[in-house]
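So this block is coords13.csv, CSV, C-alpha atoms:
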```csv
chain,number,residue,atom,x,y,z
A,1,MET,CA,110.6,97.3,100.3
A,2,LYS,CA,108.8,95.8,97.3
A,3,ASN,CA,105.6,97.5,96.1
A,4,LYS,CA,103.5,95.1,94.1
A,5,LEU,CA,101.1,97.7,92.8
A,6,LEU,CA,103.8,99.5,90.8
A,7,ILE,CA,104.4,98.9,87.1
A,8,ALA,CA,107.5,99.1,85.0
A,9,HIS,CA,109.3,102.4,84.4
A,10,ARG,CA,108.8,102.3,80.7
A,11,TRP,CA,105.0,103.0,81.1
A,12,LYS,CA,105.9,106.5,82.2
A,13,ILE,CA,106.4,107.7,78.6
A,14,LEU,CA,102.9,106.5,77.6
A,15,GLY,CA,101.6,108.2,80.7
A,16,TRP,CA,103.0,111.6,79.7
A,17,LEU,CA,101.9,111.1,76.1
A,18,LEU,CA,98.3,110.5,77.2
A,19,ALA,CA,98.1,112.9,80.2
A,20,VAL,CA,99.6,116.1,78.8
A,21,PRO,CA,97.5,116.4,75.6
A,22,ALA,CA,94.4,115.2,77.5
A,23,PHE,CA,95.0,117.8,80.2
A,24,ILE,CA,95.3,120.6,77.6
A,25,GLY,CA,92.4,119.2,75.7
A,26,GLY,CA,90.3,118.9,78.8
A,27,ILE,CA,91.0,122.5,79.9
A,28,SER,CA,90.2,123.8,76.4
A,29,PHE,CA,87.1,121.7,76.3
A,30,ALA,CA,85.9,123.1,79.7
A,31,LEU,CA,86.9,126.7,79.3
A,32,PHE,CA,86.2,127.4,75.6
A,33,ASN,CA,83.0,125.4,75.2
A,34,PHE,CA,84.6,123.2,72.5
A,35,PRO,CA,82.0,121.7,70.3
A,36,ASP,CA,81.7,118.0,71.0
A,37,TYR,CA,83.1,115.7,68.3
A,38,LEU,CA,83.1,112.1,67.5
A,39,GLN,CA,79.4,111.6,67.1
A,40,VAL,CA,78.3,108.0,67.3
A,41,THR,CA,74.8,106.4,67.1
A,42,VAL,CA,74.4,103.9,69.8
A,43,PRO,CA,73.0,100.6,68.5
A,44,GLU,CA,69.7,99.6,69.9
A,45,TRP,CA,71.0,96.5,71.8
A,46,LEU,CA,73.7,98.6,73.5
A,47,ALA,CA,71.4,101.5,74.4
A,48,HIS,CA,69.8,99.2,77.0
A,49,PHE,CA,73.1,98.9,78.8
A,50,ILE,CA,74.5,102.4,78.9
A,51,TRP,CA,73.3,105.3,81.1
A,52,ILE,CA,72.1,108.2,79.0
A,53,GLU,CA,69.9,111.2,79.8
A,54,SER,CA,66.3,110.1,80.2
A,55,PHE,CA,65.0,112.1,77.3
A,56,MET,CA,67.3,110.3,74.9
A,57,SER,CA,66.7,106.8,76.3
A,58,ASP,CA,63.3,106.6,74.7
A,59,THR,CA,64.8,106.8,71.2
A,60,PRO,CA,65.9,103.4,69.9
A,61,ASN,CA,69.2,104.7,68.5
A,62,PRO,CA,70.4,107.6,70.7
A,63,THR,CA,73.3,109.8,69.4
A,64,ILE,CA,76.2,110.6,71.7
A,65,TYR,CA,79.5,112.5,71.3
A,66,LEU,CA,82.6,110.7,72.5
A,67,LEU,CA,85.2,113.5,72.5
A,68,ASP,CA,84.8,114.2,76.2
A,69,GLU,CA,84.9,110.5,77.0
A,70,VAL,CA,88.1,110.1,75.1
A,71,ILE,CA,89.7,113.1,76.8
A,72,ALA,CA,88.6,112.0,80.3
A,73,LEU,CA,89.7,108.4,79.8
A,74,SER,CA,93.1,109.5,78.3
A,75,LEU,CA,93.7,111.8,81.3
A,76,LEU,CA,92.8,109.2,83.9
A,77,ILE,CA,94.8,106.4,82.2
A,78,GLY,CA,97.7,108.8,81.6
A,79,LEU,CA,97.7,110.0,85.2
A,80,LEU,CA,97.4,106.5,86.6
A,81,LEU,CA,100.4,105.4,84.5
A,82,LEU,CA,102.4,108.3,85.8
A,83,ALA,CA,101.3,107.6,89.4
A,84,PHE,CA,101.9,103.9,89.3
A,85,SER,CA,105.0,103.5,87.2
A,86,LYS,CA,108.3,103.0,89.0
A,87,GLU,CA,111.2,105.5,88.9
A,88,LYS,CA,114.4,104.4,87.2
A,89,VAL,CA,115.8,103.6,90.6
A,90,GLU,CA,112.8,103.0,93.0
A,91,ASP,CA,114.5,103.3,96.3
A,92,GLU,CA,113.2,103.8,99.9
A,93,TRP,CA,113.2,107.6,99.9
A,94,ILE,CA,111.2,107.6,96.6
A,95,GLN,CA,108.8,105.2,98.2
A,96,GLN,CA,108.4,107.6,101.1
A,97,VAL,CA,107.8,110.6,98.8
A,98,ARG,CA,105.3,108.4,96.9
A,99,LEU,CA,103.4,107.7,100.1
A,100,GLU,CA,103.5,111.3,101.3
A,101,SER,CA,102.3,112.5,98.0
A,102,PHE,CA,99.3,110.1,98.1
A,103,GLN,CA,98.5,111.4,101.6
A,104,TRP,CA,98.9,115.0,100.4
A,105,ALA,CA,96.6,114.4,97.4
A,106,PHE,CA,93.9,112.9,99.6
A,107,LEU,CA,94.1,115.7,102.1
A,108,VAL,CA,94.3,118.7,99.7
A,109,ASN,CA,91.5,117.2,97.5
A,110,SER,CA,89.2,116.8,100.6
A,111,LEU,CA,89.9,120.3,101.7
A,112,LEU,CA,89.2,121.7,98.3
A,113,LEU,CA,86.0,119.7,98.1
A,114,MET,CA,84.9,121.0,101.5
A,115,ALA,CA,85.6,124.6,100.4
A,116,PHE,CA,83.6,124.1,97.1
A,117,ILE,CA,80.7,122.4,98.9
A,118,VAL,CA,80.3,125.8,100.7
A,119,LEU,CA,81.3,128.0,97.8
A,120,ALA,CA,79.6,126.4,94.7
A,121,HIS,CA,76.0,125.5,94.4
A,122,GLU,CA,73.7,123.9,91.7
A,123,SER,CA,75.2,123.9,88.2
A,124,PRO,CA,78.7,125.3,89.2
A,125,PHE,CA,78.9,122.5,91.8
A,126,LEU,CA,78.4,120.1,88.9
A,127,SER,CA,81.5,121.6,87.3
A,128,VAL,CA,83.4,121.2,90.6
A,129,MET,CA,82.5,117.5,90.6
A,130,VAL,CA,83.7,117.1,87.0
A,131,TYR,CA,87.1,118.6,88.0
A,132,ASN,CA,87.1,116.6,91.2
A,133,MET,CA,87.2,113.4,89.1
A,134,PHE,CA,90.8,114.2,88.2
A,135,THR,CA,92.1,116.3,91.1
A,136,PRO,CA,93.3,113.5,93.4
A,137,LEU,CA,95.6,112.1,90.7
A,138,LEU,CA,96.6,115.5,89.4
A,139,ILE,CA,97.6,116.7,92.9
A,140,PHE,CA,99.5,113.4,93.5
A,141,VAL,CA,101.4,113.7,90.2
A,142,ALA,CA,102.2,117.4,90.7
A,143,ARG,CA,103.5,116.9,94.2
A,144,PHE,CA,105.4,113.7,93.5
A,145,TYR,CA,107.3,115.1,90.5
A,146,TYR,CA,107.8,118.5,92.2
A,147,VAL,CA,109.6,116.9,95.2
A,148,LEU,CA,111.6,114.5,93.1
A,149,TYR,CA,112.8,116.7,90.3
A,150,LEU,CA,111.9,120.4,90.8
A,151,LYS,CA,112.5,121.0,94.5
A,152,PRO,CA,116.2,119.8,94.4
A,153,LEU,CA,116.8,122.5,91.8
A,154,PHE,CA,115.7,125.2,94.2
A,155,SER,CA,117.3,123.9,97.4
A,156,LYS,CA,120.9,124.7,98.2
A,157,ASN,CA,123.0,121.5,98.1
B,1,MET,CA,119.0,111.5,113.1
B,2,LYS,CA,122.3,113.3,112.6
B,3,ASN,CA,124.9,112.0,110.3
B,4,THR,CA,128.5,112.7,109.1
B,5,ILE,CA,128.0,111.6,105.5
B,6,ARG,CA,129.2,114.9,104.0
B,7,VAL,CA,132.4,114.7,106.1
B,8,GLU,CA,133.0,111.1,105.2
B,9,ARG,CA,132.4,111.8,101.6
B,10,ALA,CA,135.0,114.5,101.7
B,11,ILE,CA,137.5,112.2,103.3
B,12,LEU,CA,136.9,109.6,100.6
B,13,ASN,CA,136.6,112.4,98.0
B,14,ILE,CA,133.5,110.9,96.4
B,15,SER,CA,130.4,112.8,95.2
B,16,GLN,CA,126.8,112.2,96.2
B,17,ALA,CA,126.2,110.5,92.9
B,18,GLU,CA,129.1,108.1,93.4
B,19,LEU,CA,128.0,107.2,96.9
B,20,ALA,CA,124.4,106.7,95.6
B,21,ASP,CA,125.8,104.4,93.0
B,22,ARG,CA,127.7,102.3,95.5
B,23,VAL,CA,124.7,101.8,97.7
B,24,GLN,CA,122.2,101.4,94.9
B,25,VAL,CA,120.0,104.4,95.6
B,26,THR,CA,119.3,107.7,93.8
B,27,ARG,CA,121.4,110.8,94.3
B,28,GLN,CA,118.3,112.6,95.7
B,29,THR,CA,118.1,110.0,98.5
B,30,ILE,CA,121.7,110.7,99.6
B,31,ASN,CA,121.0,114.4,99.4
B,32,ALA,CA,117.8,114.0,101.5
B,33,ILE,CA,119.8,112.0,104.1
B,34,GLU,CA,122.7,114.5,104.2
B,35,LEU,CA,120.2,117.3,104.7
B,36,GLU,CA,118.7,115.2,107.5
B,37,LYS,CA,115.3,115.4,105.9
B,38,TYR,CA,115.1,111.6,105.7
B,39,ALA,CA,116.3,108.9,108.1
B,40,PRO,CA,117.4,105.9,106.1
B,41,SER,CA,116.4,102.3,106.9
B,42,ALA,CA,118.8,100.1,108.9
B,43,VAL,CA,119.8,98.3,105.8
B,44,LEU,CA,120.7,101.5,103.9
B,45,ALA,CA,122.5,103.0,107.0
B,46,MET,CA,124.6,99.8,107.2
B,47,LYS,CA,125.4,99.9,103.5
B,48,ILE,CA,126.5,103.6,103.7
B,49,ALA,CA,128.7,103.0,106.8
B,50,ARG,CA,130.3,100.0,105.0
B,51,VAL,CA,131.3,102.2,102.1
B,52,PHE,CA,133.1,104.5,104.6
B,53,GLY,CA,134.6,101.6,106.5
B,54,ARG,CA,132.9,102.7,109.7
B,55,ARG,CA,130.4,101.3,112.1
B,56,VAL,CA,126.9,102.6,111.8
B,57,GLU,CA,127.0,104.5,115.1
B,58,GLU,CA,130.1,106.4,113.8
B,59,VAL,CA,128.2,107.8,110.8
B,60,PHE,CA,124.7,108.1,112.3
B,61,ALA,CA,123.7,109.4,115.7
B,62,LEU,CA,120.3,109.8,117.4
B,63,GLU,CA,119.2,113.3,118.2
B,64,GLU,CA,117.0,114.6,121.0
B,65,GLY,CA,113.4,113.8,120.1
B,66,ASP,CA,114.3,110.7,118.0
```

Could you rewrite the structure in this file as structure tokens?
Amino acid sequence: MKNKLLIAHRWKILGWLLAVPAFIGGISFALFNFPDYLQVTVPEWLAHFIWIESFMSDTPNPTIYLLDEVIALSLLIGLLLLAFSKEKVEDEWIQQVRLESFQWAFLVNSLLLMAFIVLAHESPFLSVMVYNMFTPLLIFVARFYYVLYLKPLFSKN
Amino acid sequence: MKNTIRVERAILNISQAELADRVQVTRQTINAIELEKYAPSAVLAMKIARVFGRRVEEVFALEEGD
């Protein structure tokens, strides 16, 4: 069975190199209120095209901090590379684990979201939505690699 | 689906990894099939039976509920 959406195995290394530091950085950023770095001043022509808080959009050259954007993009790109790169031997059982893991991720993510719709309100719910940007891919990657590489270590052969 | 892969491997004295190599899948796939957690495709079932010099029905059998 050919899966046209998958990319070459070699992209997996870049996936780990982007996702792991970005995950650690993202957690640190969220938990320890890291100061935002990478300050840039948006040129006037570009300020018309990007979506910034309303109180800033009146200034011709708004200032934004890019560290959180860099972390978020690195995490998403890294997780996508991990999710969509082939295994060394991409056989039919691995294809099945891949499919099951996507279903798992979709289901667990929806259940978590439903729980937090009830449990979190106002500003904490905003935090939930931030985490929720990454949870589908995180759950997929965790479940896929657990079944492929960790579970066989625990099961009697 | 039941199978006799473990027995057939013992007769040929080959490991899961060797069988996996011969039918071009991963060792984990052979393990999942042996543990009856995964039913292989017709193509893979035929390849495995061919390695053992058996017919597919001699290696794989339907269970109740299949």

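Using all atoms listed in the file, the protein and nucleic acid residues lying no more than 9 Å from B:Leu19, apart from those fewer than 3 places from it along its own chain, are Arg9, Ile14, Ser15, Gln16, Arg22, Val23, Gln24, Val25, Arg27, Ile30, Ile48 and Val51 of chain B.
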
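Between chain A and the candidates B:Lys47, B:Lys2, B:Lys37, B:Arg55, the tightest atom-to-atom separation, counting all atoms listed in the file, involves B:Lys37.
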
Got a sec to check which residues sit within 12 Å of (127.0, 112.2, 102.9), counting only C-alpha atoms, and write them as number ranges by chain? A: 157; B: 2-20, 23, 27-36, 40, 45, 48-49, 51-52, 59-60

Kindly determine which residues of chain A lie within 10 Å of chain B, considering only C-alpha atoms, and give the answer as an mmCIF file with C-alpha atoms, in the frame of the given file.
```
data_model
loop_
_atom_site.group_PDB
_atom_site.id
_atom_site.type_symbol
_atom_site.label_atom_id
_atom_site.label_comp_id
_atom_site.auth_asym_id
_atom_site.auth_seq_id
_atom_site.Cartn_x
_atom_site.Cartn_y
_atom_site.Cartn_z
ATOM 1 C CA GLU A 87 111.200 105.500 88.900
ATOM 2 C CA LYS A 88 114.400 104.400 87.200
ATOM 3 C CA VAL A 89 115.800 103.600 90.600
ATOM 4 C CA GLU A 90 112.800 103.000 93.000
ATOM 5 C CA ASP A 91 114.500 103.300 96.300
ATOM 6 C CA GLU A 92 113.200 103.800 99.900
ATOM 7 C CA TRP A 93 113.200 107.600 99.900
ATOM 8 C CA ILE A 94 111.200 107.600 96.600
ATOM 9 C CA GLN A 96 108.400 107.600 101.100
ATOM 10 C CA VAL A 147 109.600 116.900 95.200
ATOM 11 C CA LEU A 148 111.600 114.500 93.100
ATOM 12 C CA TYR A 149 112.800 116.700 90.300
ATOM 13 C CA PRO A 152 116.200 119.800 94.400
ATOM 14 C CA LYS A 156 120.900 124.700 98.200
ATOM 15 C CA ASN A 157 123.000 121.500 98.100
#
```

Residues near A:Gly25, anyone? I mean within 10 Å using all atoms listed in the file, not counting same-chain ones fewer than 2 positions away, as a ChimeraX atom specification. /A:19-23,27-31,34,67-68,71-72,75

Atomic separation - atom CA of A:Leu14 relative to atom CA of A:Leu81, Å: 7.4 Å

Atom CA of A:Phe106 to atom CA of A:Leu5, straight-line distance in Å: 18.1 Å

Residue with the minimum atom-to-atom distance to A:Ile24, picked from A:Ser74, A:Arg143, A:Ile7, A:Ser85 with only C-alpha atoms counted, is A:Ser74

In Å, with one decimal, what is the gap from atom CA of A:Glu100 to atom CA of A:Phe134?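 A separation of 18.5 Å between them.
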
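Comparing A:Leu119, A:Ile139, A:Leu113, A:Leu76 by their smallest distance to A:Ser101, the closest is A:Ile139 (using all atoms listed in the file).
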
List the spatial neighbours of B:Met1 as a list of chain:residue names - criterion: any atom at most 6 Å away, all atoms listed in the file, same-chain residues fewer than 2 positions off excluded. B:Ala61, B:Leu62, B:Glu63
